[in-house]
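J.: One structure is given below, represented as structure tokens, and several questions about it will come after.
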Amino acid sequence: MGLLVEIGGIQRQLSIGSRVNLRARDGGKVKCEVVGFRDDRALLMPFGVLEGIGIGCKAEIAERDPVVFPNESWLGRVVNAMGEPIDGGPPLKSGNRAVPFRNAPPPAHTRQRVGEKIDLGVRALNSFVTCCRGQRMGIFAGSGVGKSVLFSMLARNTAADINVIGLIGERGREVQEFIKDDLGEEGLKRSIVVVATSDESALMRRQAAYLTLSLAEYFRDEDRDVLCLMDSVTRFAMAQRDIGLSGGEPPTSKGYTPTVFSELPKLLERAGPGSGKGSITGLFTVLVEGDDHNEPIADAVRGILDGHIVMERQIAERGRYPAINVLKSVSRTMPGCNSDNENTLISKAKQYLSTYDDMAEMIRLGAYRQGADPLVDEAIHFFPMLEEFMSQGKKDRASLSECFAALSEILAQQPDLETA
């Protein structure tokens, strides 16, 4: 019925998460996963289409703990949620070490602390939302605000040994565009791209998210600094919702089932520093429905991650890209990761932006008279320069040192308020 298949006869040998292969009438095989039980029968969801499956078809128990065997030769390749190549290249070589799809995060007391600052290559982030190695950040934005463009800038510009990029529930048309135009040949050489398009089953979309973290964990345990990019966590949550509802779970907030909110931390906690020298710096996009930044998934993810980057439609509409609202964005490693001089610069710039934001309506209406408040006068003077500083082209890159040098140069310009 719908996405669900009921089987009998072997249910007492199964548990939640077990794999089962259904033999179709034409001899084909359909991989499934156990998602629940009802009336002494096991409930399965398929990884593919159910054509040829009917009453009387055989169900065979597959491997209990599905694993993947990655190695260095996987770099530069594009794989599906099962770890199979989909880029037309040769078969992938198997490594010597098995990595489970559903792995547990390292124990909290064995984890290292986050490392030094990491260069994201984006001025607004390097300066106002500084990120460290092993930190996990969320990019929160509505549809059409420029989330995917910022995602591509981070994939291309961030300084890391290896990129593991998960495109979860992505539009099929955009996959090649991202790989060819945004990531480029040089970026792909140090990356593995995991793809599950929006037309694939909910299990495949969820599995792609698990595989993305499994590959990142493999290279982290090899003492490498890994950048894990996932677009998007919301589609992972939607896939888990579909699975939960099919298995008979009750819908809660906005139709999301309880397992969605238990699976999110299990997935996101896998990123971060490891027990050794390696780390996973996680950057996860969150698609906020109806531009509501307090909707259930955004709220849950914001509480799990180590910071959030907020993108707003109003900023995009006035032509400033990337449309990051630095006043609403937070990095939990700041201000500890910056020097005193850098923190002073950021605080001063934020004060001007906040003051202008408070008075913006009066300034636009002409109701503010110059000289009434010196701080507002300074904010009016610096606002256009700070807006230009935060604006950045898709192909541009700015290092950490360049960002703070440019910000220092802007704030060193004293406004001539008397003749202004």
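Chain labels run A, B, ... following the order of the structure tokens; each chain numbers its residues from 1, and ligands are numbered from 1 in the order shown.
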Quick one: DSSP helix (DSSP H, G or I) residues in region 138-244 of chain A, as a VMD selection string?
T.: chain A and resid 147 to 157 172 to 189 202 to 220 233 to 244
J.: Run DSSP on the backbone of this structure and report the residues of region 300-347 of chain A it assigns to strand (DSSP E), as a list in words.
T.: Gly307, His308, Ile309, Val310, Val330 and Ser331 of chain A
J.: Those residues with N, CA, C and O atoms, as an mmCIF file, in the first residue's frame please?
T.:
data_model
loop_
_atom_site.group_PDB
_atom_site.id
_atom_site.type_symbol
_atom_site.label_atom_id
_atom_site.label_comp_id
_atom_site.auth_asym_id
_atom_site.auth_seq_id
_atom_site.Cartn_x
_atom_site.Cartn_y
_atom_site.Cartn_z
ATOM 1 N N GLY A 307 26.392 26.960 15.497
ATOM 2 C CA GLY A 307 26.245 28.290 14.920
ATOM 3 C C GLY A 307 25.298 28.252 13.739
ATOM 4 O O GLY A 307 25.011 27.177 13.190
ATOM 5 N N HIS A 308 24.790 29.423 13.340
ATOM 6 C CA HIS A 308 23.872 29.467 12.208
ATOM 7 C C HIS A 308 24.119 30.721 11.372
ATOM 8 O O HIS A 308 24.423 31.791 11.894
ATOM 9 N N ILE A 309 24.009 30.533 10.063
ATOM 10 C CA ILE A 309 24.151 31.611 9.083
ATOM 11 C C ILE A 309 22.763 31.869 8.519
ATOM 12 O O ILE A 309 22.160 30.971 7.913
ATOM 13 N N VAL A 310 22.238 33.053 8.753
ATOM 14 C CA VAL A 310 20.868 33.387 8.350
ATOM 15 C C VAL A 310 20.898 34.209 7.063
ATOM 16 O O VAL A 310 21.570 35.243 6.996
ATOM 17 N N VAL A 330 25.164 33.645 13.978
ATOM 18 C CA VAL A 330 25.948 33.422 15.195
ATOM 19 C C VAL A 330 26.947 32.293 14.967
ATOM 20 O O VAL A 330 26.604 31.267 14.382
ATOM 21 N N SER A 331 28.183 32.509 15.433
ATOM 22 C CA SER A 331 29.176 31.437 15.509
ATOM 23 C C SER A 331 29.515 31.232 16.978
ATOM 24 O O SER A 331 29.946 32.165 17.654
#
J.: Do you know which residues are at most 6 Å from region 157-164 of chain A counting only C-alpha atoms, after dropping those on the same chain fewer than 5 positions away, and could you put them as an MDAnalysis selection string?
T.: chainID A and resid 119:121 190:192 225:228
J.: Excluding Gln240 (chain A) and its own-chain neighbours fewer than 4 positions away, which residues fall within 12 Å of it when counting only C-alpha atoms? Please give them as an NGL selection string.
T.: :A and (35 or 45 or 201-207 or 209-210 or 233-236 or 244-247 or 249 or 251 or 255-264 or 267 or 297)
J.: Take the residues from that selection and put them in a file with C-alpha atoms, as a compact mmCIF listing (two decimals), in the first residue's frame.
T.:
# COMPACT_ATOMS: atom_id res chain seq x y z
CA VAL A 35 10.68 0.24 9.21
CA MET A 45 10.05 0.34 2.50
CA SER A 201 12.68 7.01 -2.73
CA ALA A 202 12.65 8.38 0.80
CA LEU A 203 15.02 5.59 1.92
CA MET A 204 17.56 6.54 -0.78
CA ARG A 205 17.43 10.21 0.24
CA ARG A 206 17.95 9.34 3.90
CA GLN A 207 20.67 6.83 3.03
CA ALA A 209 22.80 11.64 4.14
CA TYR A 210 24.13 8.69 6.15
CA VAL A 233 19.10 18.72 6.11
CA THR A 234 15.45 19.67 5.54
CA ARG A 235 15.10 17.10 2.75
CA PHE A 236 16.67 14.47 5.02
CA GLY A 244 7.81 7.39 9.81
CA LEU A 245 4.31 8.11 8.51
CA SER A 246 4.37 4.99 6.32
CA GLY A 247 5.37 2.92 9.34
CA GLU A 249 4.07 6.90 13.48
CA PRO A 251 2.41 13.11 13.01
CA GLY A 255 3.37 16.58 10.18
CA TYR A 256 6.91 15.64 11.26
CA THR A 257 7.09 12.37 13.20
CA PRO A 258 8.96 11.89 16.51
CA THR A 259 11.78 9.92 14.85
CA VAL A 260 12.68 12.99 12.73
CA PHE A 261 13.72 14.86 15.87
CA SER A 262 15.61 11.86 17.26
CA GLU A 263 17.44 11.17 13.96
CA LEU A 264 18.62 14.77 13.43
CA LEU A 267 23.18 12.51 12.03
CA ILE A 297 13.24 21.66 11.57
J.: Can you tell me which residues surround region 281-284 of chain A at a distance of at most 7 Å, considering only C-alpha atoms, apart from same-chain residues fewer than 3 positions away, and format the answer as a list of chain:residue names?
T.: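 Selected residues are A:Arg133, A:Gly134, A:Gln135, A:Arg136, A:Met137, A:Gly138, A:Ile139, A:Val226, A:Leu227, A:Cys228, A:Leu229, A:Met230, A:Asp231, A:Ser232, A:Val233, A:Ala271, A:Gly272.
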J.: Please compute the CA of Lys348 (chain A)-CA of His381 (chain A) distance, one decimal, in Å.
T.: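 Rounded to one decimal, the two atoms are 13.4 Å apart.
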J.: Looking at only C-alpha atoms, which of A:Gln13, A:Thr212, A:Ser148, A:Asn294 is the one that sits closest to Ala323 (chain A)?
T.: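 For Ala323 (chain A), the nearest of the candidates is A:Ser148.
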J.: Suppose you want the space between CA of Gly36 (chain A) and CA of Gly83 (chain A); what is it in Å?
T.: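 Between these atoms lies a distance of 25.2 Å.
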J.: Can you pull out every residue within 10 Å of Phe383 (chain A), counting only C-alpha atoms, but drop anything in the same chain fewer than 3 positions away, and send it as a list of chain:residue names?
T.: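 Skipping anything fewer than 3 positions along the chain leaves A:Ala349, A:Tyr352, A:Leu353, A:Ser354, A:Thr355, A:Tyr356, A:Asp357, A:Glu378, A:Ala379, A:Ile380, A:Leu386, A:Glu387, A:Glu388, A:Phe389.
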J.: With only C-alpha atoms as the basis for distance, which of A:Asp299, A:Glu317, A:Asp358, A:Asp182 is at the shortest distance from Ser253 (chain A)?
T.: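 That would be A:Asp299, the residue with the smallest distance to Ser253 (chain A).
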J.: Go through A:Ala81, A:Ala24, A:Ala124, A:Met153 one by one, measure the shortest atom-to-atom distance of each to Lys395 (chain A) using only C-alpha atoms, and give the residue with the smallest value.
T.: A:Met153
J.: List the neighbours of Pro322 (chain A) out to 7 Å using only C-alpha atoms; skip same-chain residues closer than 3 positions along the sequence, and give me the result as JSON, numbers by chain.
T.: {"A": [146, 150, 391, 392]}
J.: Please measure the separation of CA of Ala196 (chain A) and CA of Ile7 (chain A), giving the value in Å to one decimal.
T.: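 Computing the Euclidean distance for CA of Ala196 (chain A) and CA of Ile7 (chain A) yields 26.8 Å.
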J.: Please determine, counting only C-alpha atoms, which residue among A:Ser399, A:Gln112, A:Ser94, A:Gln176 has the shortest atom-to-atom distance to Pro70 (chain A).
T.: A:Ser94
J.: Give me the region 30-141 of chain A side of the contact with region 342-347 of chain A, cut-off 12 Å, one line per residue showing its nearest atom pair and distance in Å at one decimal, counting only C-alpha atoms, sorted by chain and residue number, as a Markdown table.
T.:
| residue | atom | partner | partner_atom | distance |
| --- | --- | --- | --- | --- |
| A:Ala124 | CA | A:Ile346 | CA | 10.7 |
| A:Leu125 | CA | A:Ile346 | CA | 11.4 |
| A:Asn126 | CA | A:Ile346 | CA | 10.8 |
| A:Ser127 | CA | A:Ile346 | CA | 7.1 |
| A:Phe128 | CA | A:Ile346 | CA | 6.3 |
| A:Val129 | CA | A:Ile346 | CA | 9.6 |
| A:Thr130 | CA | A:Ile346 | CA | 10.4 |
J.: Just the selected residues (all heavy atoms), exported as a compact mmCIF listing (two decimals), in the first residue's frame, please.
T.:
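Contents of result-v9.txt, freshly written:
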# COMPACT_ATOMS: atom_id res chain seq x y z
N ALA A 124 31.76 38.05 4.33
CA ALA A 124 30.78 38.22 5.40
C ALA A 124 30.93 37.14 6.47
O ALA A 124 30.73 37.40 7.66
CB ALA A 124 29.37 38.20 4.83
N LEU A 125 31.31 35.92 6.07
CA LEU A 125 31.46 34.82 7.02
C LEU A 125 32.80 34.86 7.72
O LEU A 125 32.88 34.68 8.95
CB LEU A 125 31.27 33.48 6.31
CG LEU A 125 29.91 33.25 5.63
CD1 LEU A 125 29.85 31.86 5.01
CD2 LEU A 125 28.78 33.45 6.62
N ASN A 126 33.89 35.08 6.97
CA ASN A 126 35.21 35.11 7.59
C ASN A 126 35.32 36.17 8.68
O ASN A 126 36.00 35.98 9.67
CB ASN A 126 36.28 35.38 6.52
CG ASN A 126 36.74 34.11 5.83
OD1 ASN A 126 36.45 33.01 6.28
ND2 ASN A 126 37.47 34.25 4.73
N SER A 127 34.65 37.29 8.48
CA SER A 127 34.77 38.39 9.44
C SER A 127 33.70 38.31 10.52
O SER A 127 34.02 38.29 11.72
CB SER A 127 34.71 39.73 8.71
OG SER A 127 33.61 39.79 7.82
N PHE A 128 32.43 38.24 10.17
CA PHE A 128 31.35 38.37 11.14
C PHE A 128 30.90 37.04 11.74
O PHE A 128 30.31 37.01 12.81
CB PHE A 128 30.14 39.06 10.51
CG PHE A 128 30.38 40.50 10.17
CD1 PHE A 128 30.66 40.88 8.87
CD2 PHE A 128 30.34 41.49 11.14
CE1 PHE A 128 30.89 42.21 8.54
CE2 PHE A 128 30.56 42.82 10.84
CZ PHE A 128 30.85 43.19 9.54
N VAL A 129 31.12 35.92 11.03
CA VAL A 129 30.68 34.61 11.52
C VAL A 129 31.84 33.62 11.38
O VAL A 129 31.75 32.60 10.72
CB VAL A 129 29.44 34.09 10.74
CG1 VAL A 129 28.69 33.02 11.54
CG2 VAL A 129 28.49 35.20 10.38
N THR A 130 32.97 33.95 12.02
CA THR A 130 34.19 33.16 11.88
C THR A 130 33.96 31.72 12.33
O THR A 130 33.36 31.47 13.37
CB THR A 130 35.34 33.79 12.69
OG1 THR A 130 35.35 35.19 12.46
CG2 THR A 130 36.66 33.20 12.28
